[in-house]
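Before any comments, here is the structure.
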Protein chains: 2
Amino acid sequence: MQKQESPTYLKAITIRDTSDVHSIKEDIKKGMILILRVTPLAQKDVEQLRKVVEELYSIAKTADADIARLGEERIIVAPSNIRIWKPEYDLK
Amino acid sequence: MQKQESPTYLKAITIRDTSDVHSIKEDIKKGMILILRVTPLAQKDVEQLRKVVEELYSIAKTADADIARLGEERIIVAPSNIRIWKPEYDLK
């Protein structure tokens, strides 16, 4: 059992502040799948949200991770061994 | 490149009708990660939604997949090589 490949973690969390990006970056580098709820930040400060999203896209690019919007509320980040299937018409 | 392990797909779709469960079952059996939006069904017919969710839990159990609620709108299903990390206080 212990020789099994380590599992990929899928973590669903909420971004409440720009300072949350640091730990998210670590999780992305660890190869986790992240589902990030951005609504509280969007309600607090749209400009901060814009910066956080930009930073996430940049981190994902560097880490060779895939990133996609999930409706209005969430963002998905997935490592390179996971392919995000995006039915554009249906992502709401 | 072709000898690489095949990637895991993450698919975000909307359940609009009980008949959608069939193709979802196939996707679960293929080992896909699914993020299923259930809101339209919830608005249409709560009893149908209850049945669909029950069926999904049963399918996931049979396929050794993990399943979790993601806020009010979505359900996550993940194959056994993916671990859903559930911070209960933060899944909304």
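Here, A, B, ... name the chains of the structure tokens in the order displayed, residue numbers run from 1 inside each chain, and ligands are numbered from 1 in the same displayed order.
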
Tell me the residues of chain B close to chain A, meaning within 7 Å using only C-alpha atoms, as a list in words.
Pro7, Thr8, Tyr9, Leu10, Lys11, Ala12, Ile13, Thr14, Asn81, Ile82, Arg83, Ile84, Trp85, Lys86, Asp90 and Leu91 of chain B

Among the residues of stretch 29-63 of chain B, find those DSSP assigns to alpha helix (DSSP H) from the backbone and print them as a VMD selection string.
chain B and resid 29 39 to 44 46 to 62

Which residues in stretch 27-67 of chain A does DSSP call strand (DSSP E or B)? List them as a count of residues only.
7

List the spatial neighbours of A:Gln48 as an mmCIF file with C-alpha atoms, in the first residue's frame - criterion: any atom at most 10 Å away, only C-alpha atoms, same-chain residues fewer than 6 positions off excluded.
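This is the output file around_14.cif:
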data_model
loop_
_atom_site.group_PDB
_atom_site.id
_atom_site.type_symbol
_atom_site.label_atom_id
_atom_site.label_comp_id
_atom_site.auth_asym_id
_atom_site.auth_seq_id
_atom_site.Cartn_x
_atom_site.Cartn_y
_atom_site.Cartn_z
ATOM 1 C CA ASP A 17 -7.853 38.340 1.067
ATOM 2 C CA THR A 18 -4.821 38.915 -1.170
ATOM 3 C CA LEU A 41 -13.245 39.067 -2.251
ATOM 4 C CA ALA A 42 -15.327 40.215 -5.232
ATOM 5 C CA GLU A 54 -4.057 38.000 -12.532
#

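By chain and then residue number, the residues within 9 Å of B:Pro79 are Ile28, Lys29, Lys30, Gly31, Met32, Ile33, Ala60, Ala63, Asp64, Ala65, Asp66 and Ile67 of chain B, counting only C-alpha atoms and disregarding those fewer than 5 positions away in sequence.
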
What does the file look like for those residues with N, CA and C atoms, as a tab-separated table (two decimals), in the first residue's frame?
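Generated file (result-v7.tsv):
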chain	number	residue	atom	x	y	z
B	28	ILE	N	-17.94	8.89	-14.71
B	28	ILE	CA	-17.40	8.46	-13.41
B	28	ILE	C	-16.63	7.14	-13.59
B	29	LYS	N	-17.21	6.22	-14.36
B	29	LYS	CA	-16.55	4.93	-14.59
B	29	LYS	C	-15.22	5.09	-15.34
B	30	LYS	N	-15.15	6.15	-16.18
B	30	LYS	CA	-13.89	6.44	-16.90
B	30	LYS	C	-12.84	7.07	-15.99
B	31	GLY	N	-13.22	7.39	-14.74
B	31	GLY	CA	-12.27	7.98	-13.81
B	31	GLY	C	-12.12	9.49	-13.93
B	32	MET	N	-13.14	10.12	-14.52
B	32	MET	CA	-13.09	11.59	-14.64
B	32	MET	C	-13.42	12.26	-13.31
B	33	ILE	N	-12.89	13.47	-13.13
B	33	ILE	CA	-13.31	14.32	-12.02
B	33	ILE	C	-14.48	15.15	-12.55
B	60	ALA	N	-21.13	6.65	-7.23
B	60	ALA	CA	-19.78	6.96	-6.73
B	60	ALA	C	-19.28	5.85	-5.81
B	63	ALA	N	-18.27	2.85	-7.79
B	63	ALA	CA	-17.06	3.09	-8.58
B	63	ALA	C	-15.87	3.45	-7.69
B	64	ASP	N	-16.04	3.37	-6.38
B	64	ASP	CA	-14.98	3.73	-5.43
B	64	ASP	C	-14.53	5.19	-5.61
B	65	ALA	N	-15.47	6.03	-6.01
B	65	ALA	CA	-15.17	7.45	-6.20
B	65	ALA	C	-15.58	8.24	-4.95
B	66	ASP	N	-14.98	9.38	-4.80
B	66	ASP	CA	-15.29	10.25	-3.66
B	66	ASP	C	-16.32	11.29	-4.13
B	67	ILE	N	-17.17	11.72	-3.25
B	67	ILE	CA	-18.21	12.67	-3.64
B	67	ILE	C	-18.39	13.70	-2.53

Which neighbours of A:Ser19 fall inside 12 Å, counting only C-alpha atoms, when residues of the same chain fewer than 3 positions from it are skipped, and could you give them as a compact mmCIF listing (two decimals) with C-alpha atoms, in the first residue's frame?
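So result33.txt came out as:
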# COMPACT_ATOMS: atom_id res chain seq x y z
CA ILE A 15 -10.09 33.42 -1.05
CA ARG A 16 -10.93 36.19 1.37
CA HIS A 22 0.75 32.76 -0.77
CA SER A 23 -0.57 29.45 0.58
CA ILE A 24 -2.49 28.89 -2.66
CA LYS A 25 0.76 29.26 -4.57
CA LEU A 41 -13.25 39.07 -2.25
CA GLN A 48 -8.10 43.39 -5.33
CA LEU A 49 -9.96 40.53 -6.97
CA LYS A 51 -5.06 41.53 -9.01
CA VAL A 52 -5.52 38.16 -7.29
CA GLU A 55 -1.57 36.63 -10.01
